[in-house]
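Listing of structure-v5.cif, mmCIF, C-alpha atoms and all ligand atoms
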```cif
data_data
#
loop_
_atom_site.label_atom_id
_atom_site.label_comp_id
_atom_site.auth_asym_id
_atom_site.auth_seq_id
_atom_site.Cartn_x
_atom_site.Cartn_y
_atom_site.Cartn_z
CA MET A 1 0.00 0.00 0.00
CA GLU A 2 1.17 3.48 -0.84
CA SER A 3 1.94 5.89 2.02
CA ILE A 4 0.65 9.43 1.78
CA LEU A 5 2.45 10.43 4.96
CA ASN A 6 5.78 9.19 6.22
CA ILE A 7 7.16 10.40 9.55
CA ARG A 8 10.66 9.30 10.49
CA ASN A 9 12.60 10.05 13.70
CA VAL A 10 10.70 13.29 14.27
CA ASN A 11 11.52 15.47 17.26
CA LYS A 12 10.13 18.84 18.21
CA ILE A 13 11.78 21.18 20.66
CA TYR A 14 10.18 24.45 21.73
CA GLN A 15 12.21 27.24 23.28
CA SER A 16 10.22 28.37 26.28
CA ALA A 17 11.42 31.01 28.77
CA GLY A 18 15.05 30.30 27.83
CA ARG A 19 14.56 26.56 28.34
CA GLU A 20 14.31 23.79 25.79
CA LEU A 21 11.08 21.85 25.92
CA ASN A 22 11.27 18.51 24.09
CA VAL A 23 7.59 17.93 23.22
CA LEU A 24 7.89 15.19 20.57
CA ASN A 25 10.37 12.34 20.92
CA ASN A 26 11.43 10.15 18.03
CA ILE A 27 8.05 9.78 16.31
CA ASN A 28 7.78 7.20 13.52
CA PHE A 29 4.75 6.14 11.48
CA ALA A 30 3.44 5.92 7.95
CA ILE A 31 -0.16 6.45 6.86
CA GLU A 32 -1.64 4.64 3.90
CA SER A 33 -3.38 6.58 1.21
CA ALA A 34 -7.21 6.76 1.67
CA SER A 35 -7.10 5.25 5.18
CA THR A 36 -8.69 6.71 8.33
CA VAL A 37 -6.59 7.17 11.48
CA ALA A 38 -7.31 8.52 14.95
CA ILE A 39 -4.64 10.08 17.17
CA THR A 40 -5.58 10.06 20.85
CA GLY A 41 -3.84 11.09 24.04
CA PRO A 42 -4.22 13.27 27.11
CA SER A 43 -4.22 17.05 26.95
CA GLY A 44 -0.66 18.36 26.58
CA SER A 45 0.64 15.13 25.01
CA SER A 46 1.59 17.08 21.83
CA LYS A 47 -1.22 15.95 19.51
CA THR A 48 -1.74 19.43 18.03
CA THR A 49 2.01 19.89 17.61
CA LEU A 50 2.26 16.55 15.79
CA LEU A 51 -0.68 17.35 13.49
CA GLY A 52 0.84 20.75 12.67
CA LEU A 53 4.11 19.10 11.61
CA CYS A 54 2.30 16.49 9.50
CA ALA A 55 0.25 19.18 7.75
CA GLY A 56 3.23 21.44 7.05
CA LEU A 57 1.89 24.21 9.29
CA ASP A 58 5.04 23.98 11.41
CA ARG A 59 8.50 22.40 11.08
CA ALA A 60 10.05 19.50 12.96
CA SER A 61 13.27 20.25 14.90
CA SER A 62 14.78 17.09 13.43
CA GLY A 63 13.65 14.08 11.42
CA THR A 64 11.70 13.74 8.19
CA VAL A 65 8.07 14.52 7.36
CA GLU A 66 7.22 13.32 3.89
CA LEU A 67 3.83 14.28 2.49
CA ASN A 68 2.93 12.66 -0.81
CA GLY A 69 6.64 12.00 -1.34
CA ILE A 70 7.66 15.61 -0.65
CA ALA A 71 10.14 16.15 2.22
CA LEU A 72 8.67 19.17 4.02
CA GLU A 73 11.81 20.05 6.00
CA LYS A 74 13.55 20.95 2.75
CA LEU A 75 10.95 23.59 1.88
CA ASN A 76 10.70 27.24 2.89
CA GLU A 77 7.52 28.82 4.27
CA ASP A 78 6.07 29.71 0.84
CA GLU A 79 6.81 26.29 -0.61
CA ARG A 80 5.15 24.61 2.36
CA ALA A 81 2.09 26.86 1.90
CA ALA A 82 1.91 25.73 -1.74
CA VAL A 83 2.09 22.05 -0.70
CA ARG A 84 -0.68 22.64 1.86
CA ASN A 85 -2.93 24.26 -0.72
CA GLN A 86 -2.27 21.43 -3.16
CA TYR A 87 -2.67 18.41 -0.88
CA VAL A 88 -3.91 19.30 2.61
CA GLY A 89 -7.21 20.13 4.30
CA PHE A 90 -7.32 21.15 7.97
CA ILE A 91 -10.19 21.37 10.47
CA PHE A 92 -9.58 23.12 13.78
CA GLN A 93 -11.35 22.66 17.11
CA ASN A 94 -12.27 26.36 17.14
CA PHE A 95 -13.25 26.45 13.44
CA GLN A 96 -10.88 29.34 12.50
CA LEU A 97 -13.08 30.83 9.83
CA LEU A 98 -12.06 34.28 8.63
CA PRO A 99 -14.44 36.63 10.50
CA THR A 100 -14.60 39.29 7.77
CA LEU A 101 -15.67 36.82 5.09
CA THR A 102 -19.08 35.21 4.56
CA ALA A 103 -19.53 31.42 4.71
CA LEU A 104 -19.36 31.31 0.92
CA GLU A 105 -16.22 33.45 0.76
CA ASN A 106 -14.52 31.32 3.43
CA VAL A 107 -15.10 28.19 1.34
CA MET A 108 -13.88 30.01 -1.78
CA VAL A 109 -10.47 30.97 -0.30
CA PRO A 110 -8.59 27.68 -0.95
CA LEU A 111 -10.11 27.51 -4.44
CA GLU A 112 -8.97 31.07 -5.21
CA LEU A 113 -5.47 30.30 -3.92
CA ARG A 114 -5.10 27.45 -6.34
CA GLY A 115 -6.64 29.39 -9.25
CA ALA A 116 -9.57 27.01 -9.71
CA LYS A 117 -12.38 27.66 -12.20
CA ASN A 118 -16.09 28.10 -11.35
CA ILE A 119 -15.08 28.86 -7.80
CA LYS A 120 -18.43 30.21 -6.66
CA ALA A 121 -20.42 27.30 -8.07
CA GLN A 122 -18.05 24.79 -6.45
CA ALA A 123 -18.22 26.56 -3.09
CA LEU A 124 -22.03 26.73 -3.23
CA ASP A 125 -22.17 23.03 -4.06
CA LEU A 126 -20.04 22.24 -0.99
CA LEU A 127 -22.18 24.45 1.26
CA ASP A 128 -25.20 22.60 -0.08
CA LYS A 129 -23.56 19.26 0.81
CA VAL A 130 -23.10 20.40 4.42
CA GLY A 131 -26.71 21.66 4.49
CA LEU A 132 -25.89 25.37 4.55
CA ALA A 133 -26.87 26.57 1.08
CA ASP A 134 -29.26 29.07 2.69
CA ARG A 135 -26.55 30.46 4.99
CA SER A 136 -23.99 31.26 2.29
CA HIS A 137 -24.08 35.03 2.90
CA HIS A 138 -23.88 34.79 6.69
CA TYR A 139 -20.74 35.84 8.52
CA PRO A 140 -19.19 33.44 11.08
CA VAL A 141 -20.61 35.41 14.05
CA GLN A 142 -24.09 34.88 12.60
CA LEU A 143 -23.65 31.10 12.66
CA SER A 144 -23.87 28.57 15.51
CA GLY A 145 -20.78 26.53 16.47
CA GLY A 146 -22.07 23.49 14.58
CA GLU A 147 -22.81 25.60 11.51
CA GLN A 148 -19.34 27.17 11.63
CA GLN A 149 -17.76 23.73 11.82
CA ARG A 150 -19.84 22.60 8.82
CA VAL A 151 -18.54 25.64 6.88
CA SER A 152 -15.02 24.66 7.87
CA LEU A 153 -15.68 21.09 6.63
CA ALA A 154 -16.79 22.55 3.28
CA ARG A 155 -13.65 24.72 3.22
CA ALA A 156 -11.37 21.79 4.12
CA PHE A 157 -12.74 19.64 1.30
CA SER A 158 -12.86 22.48 -1.27
CA ASN A 159 -9.34 21.96 -2.63
CA GLN A 160 -9.97 18.19 -2.90
CA PRO A 161 -7.13 17.42 -0.50
CA ALA A 162 -5.25 14.12 -0.65
CA ILE A 163 -5.12 14.21 3.16
CA LEU A 164 -7.34 15.90 5.69
CA PHE A 165 -6.34 16.62 9.28
CA ALA A 166 -8.94 17.37 11.94
CA ASP A 167 -7.82 18.55 15.39
CA GLU A 168 -10.56 17.73 17.92
CA PRO A 169 -13.21 18.75 15.37
CA THR A 170 -16.06 18.17 17.83
CA GLY A 171 -14.28 19.48 20.94
CA ASN A 172 -16.41 22.64 21.04
CA LEU A 173 -19.72 21.08 20.04
CA ASP A 174 -22.55 19.48 22.04
CA ALA A 175 -23.15 15.74 21.65
CA GLU A 176 -26.00 15.99 19.14
CA THR A 177 -24.20 18.53 16.93
CA SER A 178 -20.99 16.50 17.17
CA GLU A 179 -22.76 13.45 15.83
CA LYS A 180 -24.06 15.43 12.81
CA VAL A 181 -20.64 16.94 12.07
CA ILE A 182 -18.90 13.56 12.35
CA LYS A 183 -21.40 11.89 10.08
CA LEU A 184 -20.84 14.65 7.52
CA LEU A 185 -17.07 14.34 7.88
CA PHE A 186 -17.13 10.61 7.16
CA ASP A 187 -19.70 11.00 4.35
CA LEU A 188 -17.70 13.73 2.60
CA ASN A 189 -14.58 11.68 3.15
CA LYS A 190 -16.09 8.58 1.61
CA ASP A 191 -17.18 10.58 -1.45
CA ALA A 192 -13.80 12.21 -1.89
CA GLY A 193 -11.60 9.19 -1.03
CA THR A 194 -9.44 11.42 1.17
CA THR A 195 -7.01 10.15 3.79
CA LEU A 196 -8.38 11.24 7.17
CA VAL A 197 -6.33 11.86 10.33
CA ILE A 198 -8.40 12.87 13.36
CA VAL A 199 -7.14 13.97 16.76
CA THR A 200 -9.85 13.24 19.30
CA HIS A 201 -10.64 12.48 22.94
CA ASP A 202 -13.85 10.83 21.82
CA LEU A 203 -13.29 7.06 21.89
CA GLU A 204 -16.47 6.42 19.90
CA LEU A 205 -15.14 8.67 17.15
CA ALA A 206 -11.72 6.99 17.29
CA ALA A 207 -13.43 3.60 16.94
CA ARG A 208 -14.93 4.71 13.62
CA THR A 209 -11.47 4.95 12.06
CA SER A 210 -9.43 1.92 11.01
CA ARG A 211 -6.38 2.65 13.19
CA THR A 212 -5.61 4.39 16.48
CA ILE A 213 -2.23 5.90 17.37
CA LYS A 214 -1.98 6.75 21.09
CA ILE A 215 0.52 9.30 22.28
CA LYS A 216 1.60 10.26 25.76
CA GLY A 217 4.27 12.68 26.87
CA GLY A 218 5.26 13.34 23.27
CA ALA A 219 5.89 9.67 22.38
CA ILE A 220 3.82 6.96 20.68
CA ILE A 221 2.67 4.39 23.24
CA SER A 222 0.52 2.24 20.94
CA ASP A 223 -0.43 1.99 17.29
CA GLU A 224 -3.19 -0.49 16.46
CA ASN A 225 -5.49 -1.40 13.62
CA GLN A 226 -9.13 -1.67 14.59
CA GLY A 227 -9.99 -3.93 11.70
CA TYR A 228 -13.12 -1.89 11.21
CA ALA A 229 -13.73 1.34 9.38
CA GLU A 230 -16.72 3.41 8.25
N1 LIG B 301 4.45 27.55 20.64
C1 LIG B 301 4.79 26.88 21.74
N2 LIG B 301 5.84 27.26 22.52
C2 LIG B 301 6.20 26.56 23.61
N3 LIG B 301 5.56 25.44 24.04
C3 LIG B 301 4.49 25.02 23.31
C4 LIG B 301 4.06 25.71 22.14
N4 LIG B 301 2.97 25.06 21.63
C5 LIG B 301 2.76 24.00 22.46
N5 LIG B 301 3.67 23.97 23.47
C6 LIG B 301 3.76 22.95 24.53
O1 LIG B 301 3.89 21.69 23.89
C7 LIG B 301 3.18 20.70 24.61
C8 LIG B 301 2.19 20.02 23.70
O2 LIG B 301 1.14 20.92 23.31
P1 LIG B 301 0.00 20.51 22.30
O3 LIG B 301 0.64 19.98 21.06
O4 LIG B 301 -0.91 21.67 22.14
O5 LIG B 301 -0.71 19.30 23.08
P2 LIG B 301 -2.17 18.66 22.90
O6 LIG B 301 -2.71 19.10 21.57
O7 LIG B 301 -1.94 17.17 22.96
O8 LIG B 301 -3.00 19.12 24.05
C9 LIG B 301 2.52 21.40 25.79
O9 LIG B 301 3.35 21.21 26.90
C10 LIG B 301 2.51 22.85 25.37
O10 LIG B 301 2.59 23.69 26.49
MG MG B 302 -4.45 20.07 21.04
#
```
Can the structure from this file be put into structure tokens for me?
Amino acid sequence: MESILNIRNVNKIYQSAGRELNVLNNINFAIESASTVAITGPSGSSKTTLLGLCAGLDRASSGTVELNGIALEKLNEDERAAVRNQYVGFIFQNFQLLPTLTALENVMVPLELRGAKNIKAQALDLLDKVGLADRSHHYPVQLSGGEQQRVSLARAFSNQPAILFADEPTGNLDAETSEKVIKLLFDLNKDAGTTLVIVTHDLELAARTSRTIKIKGGAIISDENQGYAE
């Protein structure tokens, strides 16, 4: 099976108040194209840091992060941004929509960046898929948390990413809204054939993926296939 993501001997050190903080220690794993993976672990175990390195949002202090065969540590900031736009979707716990743009405009941003055609029609189609066609001209503040996260799902899928990272996508949502967002996430994912990597505390959500990587104190403590996937 082909790997979309290959992490080898990755370490991350933050400089904090003049001290070195080693938050990721010798991380190794590969993720197969089109698979679904959960990353779980207690708060502060460096899940967000790890996801940021995998997605090219941040750089490892040492080691290799290879996304679709491209070694990210060899790239500068602009080159990494181009790789992200080409291959990566990202969903944040706190949505991170641009507050000055409407729902429609937020979904259009990645499409504009890559110079796609029929941008508006594509964005409207995605908003329709997440059930928000009638909210396209609303600004983020005019939307509920669940609606904002559905806009961010539409945005994350808009550039047809090869791999999609979601960092506690339901962490700020109530149980009922979470269930709707997760169902949408897996449905959109099935349609698009995207590789999905989800950081979550929700064991039910983790169980819906085909593999769970557990981290603790910045190191992998287990990595198991569930033998079951959506
Ligand atoms: N920019 C930063 N500078 C210094 N320390 C950081 C920075 N970002 C995160 N950390 C530290 O790295 C550790 C892991 O954080 P994080 O990746 O956010 O964990 P998690 O997502 O698992 O809760 C924490 O101890 C946190 O304080
Ligand atoms: Mg986190």
Worksheet entry | Contacts of ligand MG 302 (chain B), 8 Å or closer, only C-alpha atoms and all ligand atoms, given as JSON, numbers by chain | {"A": [43, 44, 46, 47, 48, 49, 167, 168, 199]}
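With distances restricted to all atoms listed in the file, A:Leu24 is the closest residue to ligand LIG 301 (chain B) from A:Ile7, A:Leu24, A:Met108, A:Val65.
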Please identify every polymer residue within 12 Å of ligand LIG 301 (chain B), using all atoms listed in the file, and present the set as a PDB file with C-alpha atoms, in the frame of the given file.
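This is the output file part-v7.pdb:
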```
ATOM      1  CA  ASN A  11      11.520  15.470  17.260  1.00  0.00           C
ATOM      2  CA  LYS A  12      10.130  18.840  18.210  1.00  0.00           C
ATOM      3  CA  ILE A  13      11.780  21.180  20.660  1.00  0.00           C
ATOM      4  CA  TYR A  14      10.180  24.450  21.730  1.00  0.00           C
ATOM      5  CA  GLN A  15      12.210  27.240  23.280  1.00  0.00           C
ATOM      6  CA  SER A  16      10.220  28.370  26.280  1.00  0.00           C
ATOM      7  CA  ALA A  17      11.420  31.010  28.770  1.00  0.00           C
ATOM      8  CA  GLY A  18      15.050  30.300  27.830  1.00  0.00           C
ATOM      9  CA  ARG A  19      14.560  26.560  28.340  1.00  0.00           C
ATOM     10  CA  GLU A  20      14.310  23.790  25.790  1.00  0.00           C
ATOM     11  CA  LEU A  21      11.080  21.850  25.920  1.00  0.00           C
ATOM     12  CA  ASN A  22      11.270  18.510  24.090  1.00  0.00           C
ATOM     13  CA  VAL A  23       7.590  17.930  23.220  1.00  0.00           C
ATOM     14  CA  LEU A  24       7.890  15.190  20.570  1.00  0.00           C
ATOM     15  CA  ASN A  25      10.370  12.340  20.920  1.00  0.00           C
ATOM     16  CA  ILE A  39      -4.640  10.080  17.170  1.00  0.00           C
ATOM     17  CA  THR A  40      -5.580  10.060  20.850  1.00  0.00           C
ATOM     18  CA  GLY A  41      -3.840  11.090  24.040  1.00  0.00           C
ATOM     19  CA  PRO A  42      -4.220  13.270  27.110  1.00  0.00           C
ATOM     20  CA  SER A  43      -4.220  17.050  26.950  1.00  0.00           C
ATOM     21  CA  GLY A  44      -0.660  18.360  26.580  1.00  0.00           C
ATOM     22  CA  SER A  45       0.640  15.130  25.010  1.00  0.00           C
ATOM     23  CA  SER A  46       1.590  17.080  21.830  1.00  0.00           C
ATOM     24  CA  LYS A  47      -1.220  15.950  19.510  1.00  0.00           C
ATOM     25  CA  THR A  48      -1.740  19.430  18.030  1.00  0.00           C
ATOM     26  CA  THR A  49       2.010  19.890  17.610  1.00  0.00           C
ATOM     27  CA  LEU A  50       2.260  16.550  15.790  1.00  0.00           C
ATOM     28  CA  LEU A  51      -0.680  17.350  13.490  1.00  0.00           C
ATOM     29  CA  GLY A  52       0.840  20.750  12.670  1.00  0.00           C
ATOM     30  CA  LEU A  53       4.110  19.100  11.610  1.00  0.00           C
ATOM     31  CA  ASP A  58       5.040  23.980  11.410  1.00  0.00           C
ATOM     32  CA  ARG A  59       8.500  22.400  11.080  1.00  0.00           C
ATOM     33  CA  PHE A  92      -9.580  23.120  13.780  1.00  0.00           C
ATOM     34  CA  GLN A  93     -11.350  22.660  17.110  1.00  0.00           C
ATOM     35  CA  ALA A 166      -8.940  17.370  11.940  1.00  0.00           C
ATOM     36  CA  ASP A 167      -7.820  18.550  15.390  1.00  0.00           C
ATOM     37  CA  GLU A 168     -10.560  17.730  17.920  1.00  0.00           C
ATOM     38  CA  GLY A 171     -14.280  19.480  20.940  1.00  0.00           C
ATOM     39  CA  ILE A 198      -8.400  12.870  13.360  1.00  0.00           C
ATOM     40  CA  VAL A 199      -7.140  13.970  16.760  1.00  0.00           C
ATOM     41  CA  THR A 200      -9.850  13.240  19.300  1.00  0.00           C
ATOM     42  CA  HIS A 201     -10.640  12.480  22.940  1.00  0.00           C
ATOM     43  CA  LYS A 214      -1.980   6.750  21.090  1.00  0.00           C
ATOM     44  CA  ILE A 215       0.520   9.300  22.280  1.00  0.00           C
ATOM     45  CA  LYS A 216       1.600  10.260  25.760  1.00  0.00           C
ATOM     46  CA  GLY A 217       4.270  12.680  26.870  1.00  0.00           C
ATOM     47  CA  GLY A 218       5.260  13.340  23.270  1.00  0.00           C
ATOM     48  CA  ALA A 219       5.890   9.670  22.380  1.00  0.00           C
ATOM     49  CA  ILE A 220       3.820   6.960  20.680  1.00  0.00           C
TER      50      ILE A 220
END
```
Fill in: Residue contacts of Leu184 of chain A (10 Å, all atoms listed in the file) excluding same-chain residues fewer than 5 positions away, as number ranges by chain
A: 129-131, 150, 153-154, 178-179, 189-190
Worksheet item: For Gln96 of chain A, which residue among A:Val151, A:Arg211, A:Ile27, A:Leu5 is the nearest when counting only C-alpha atoms?
Response: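 Smallest distance to Gln96 of chain A is found for A:Val151.
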Item to complete: Rank nothing, just name the residue among A:Leu72, A:Leu143, A:Ala60, A:Leu104 nearest to Asp128 of chain A, using only C-alpha atoms.
Response: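 Among the listed residues, A:Leu104 lies closest to Asp128 of chain A.
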Fill in: Separation of atom CA of Ser3 of chain A from atom CA of Ala30 of chain A in Å
6.1 Å
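The spacing separating atom CA of Arg208 of chain A from atom CA of Val37 of chain A amounts to 9.0 Å.
Neighbouring residues of His137 of chain A at 9 Å or closer, counting only C-alpha atoms and skipping chain neighbours under 4 positions away, are A:Leu101, A:Thr102, A:Ala103, A:Leu104, A:Glu105.
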Worksheet item: When you draw a straight line from atom CA of Leu173 of chain A to atom CA of Val107 of chain A, how long is it in Å?
Response: 20.5 Å
Practice prompt. Rank A:Ala71, A:Gln122, A:Gln148, A:Thr64 by their smallest atom-to-atom distance to Pro99 of chain A, using only C-alpha atoms, and report the top residue only.
Written response: A:Gln148
Practice prompt. Rank nothing, just name the residue among A:Thr177, A:Ser158, A:Thr209, A:Ser222 nearest to Ala192 of chain A, using only C-alpha atoms.
Written response: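 The shortest atom-to-atom distance to Ala192 of chain A comes from A:Ser158.
Between Ile31 of chain A and the candidates A:Asn6, A:Asn94, A:Gln149, A:Asn118, the tightest atom-to-atom separation, counting only C-alpha atoms, involves A:Asn6.
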Selection as a CSV table (one decimal) with C-alpha atoms, in the coordinates of the input: residues within 8 Å of (-9.7, 8.9, 6.2), counting all atoms listed in the file:
```csv
chain,number,residue,atom,x,y,z
A,34,ALA,CA,-7.2,6.8,1.7
A,35,SER,CA,-7.1,5.2,5.2
A,36,THR,CA,-8.7,6.7,8.3
A,37,VAL,CA,-6.6,7.2,11.5
A,163,ILE,CA,-5.1,14.2,3.2
A,164,LEU,CA,-7.3,15.9,5.7
A,186,PHE,CA,-17.1,10.6,7.2
A,189,ASN,CA,-14.6,11.7,3.2
A,190,LYS,CA,-16.1,8.6,1.6
A,193,GLY,CA,-11.6,9.2,-1.0
A,194,THR,CA,-9.4,11.4,1.2
A,195,THR,CA,-7.0,10.2,3.8
A,196,LEU,CA,-8.4,11.2,7.2
A,197,VAL,CA,-6.3,11.9,10.3
A,209,THR,CA,-11.5,5.0,12.1
```
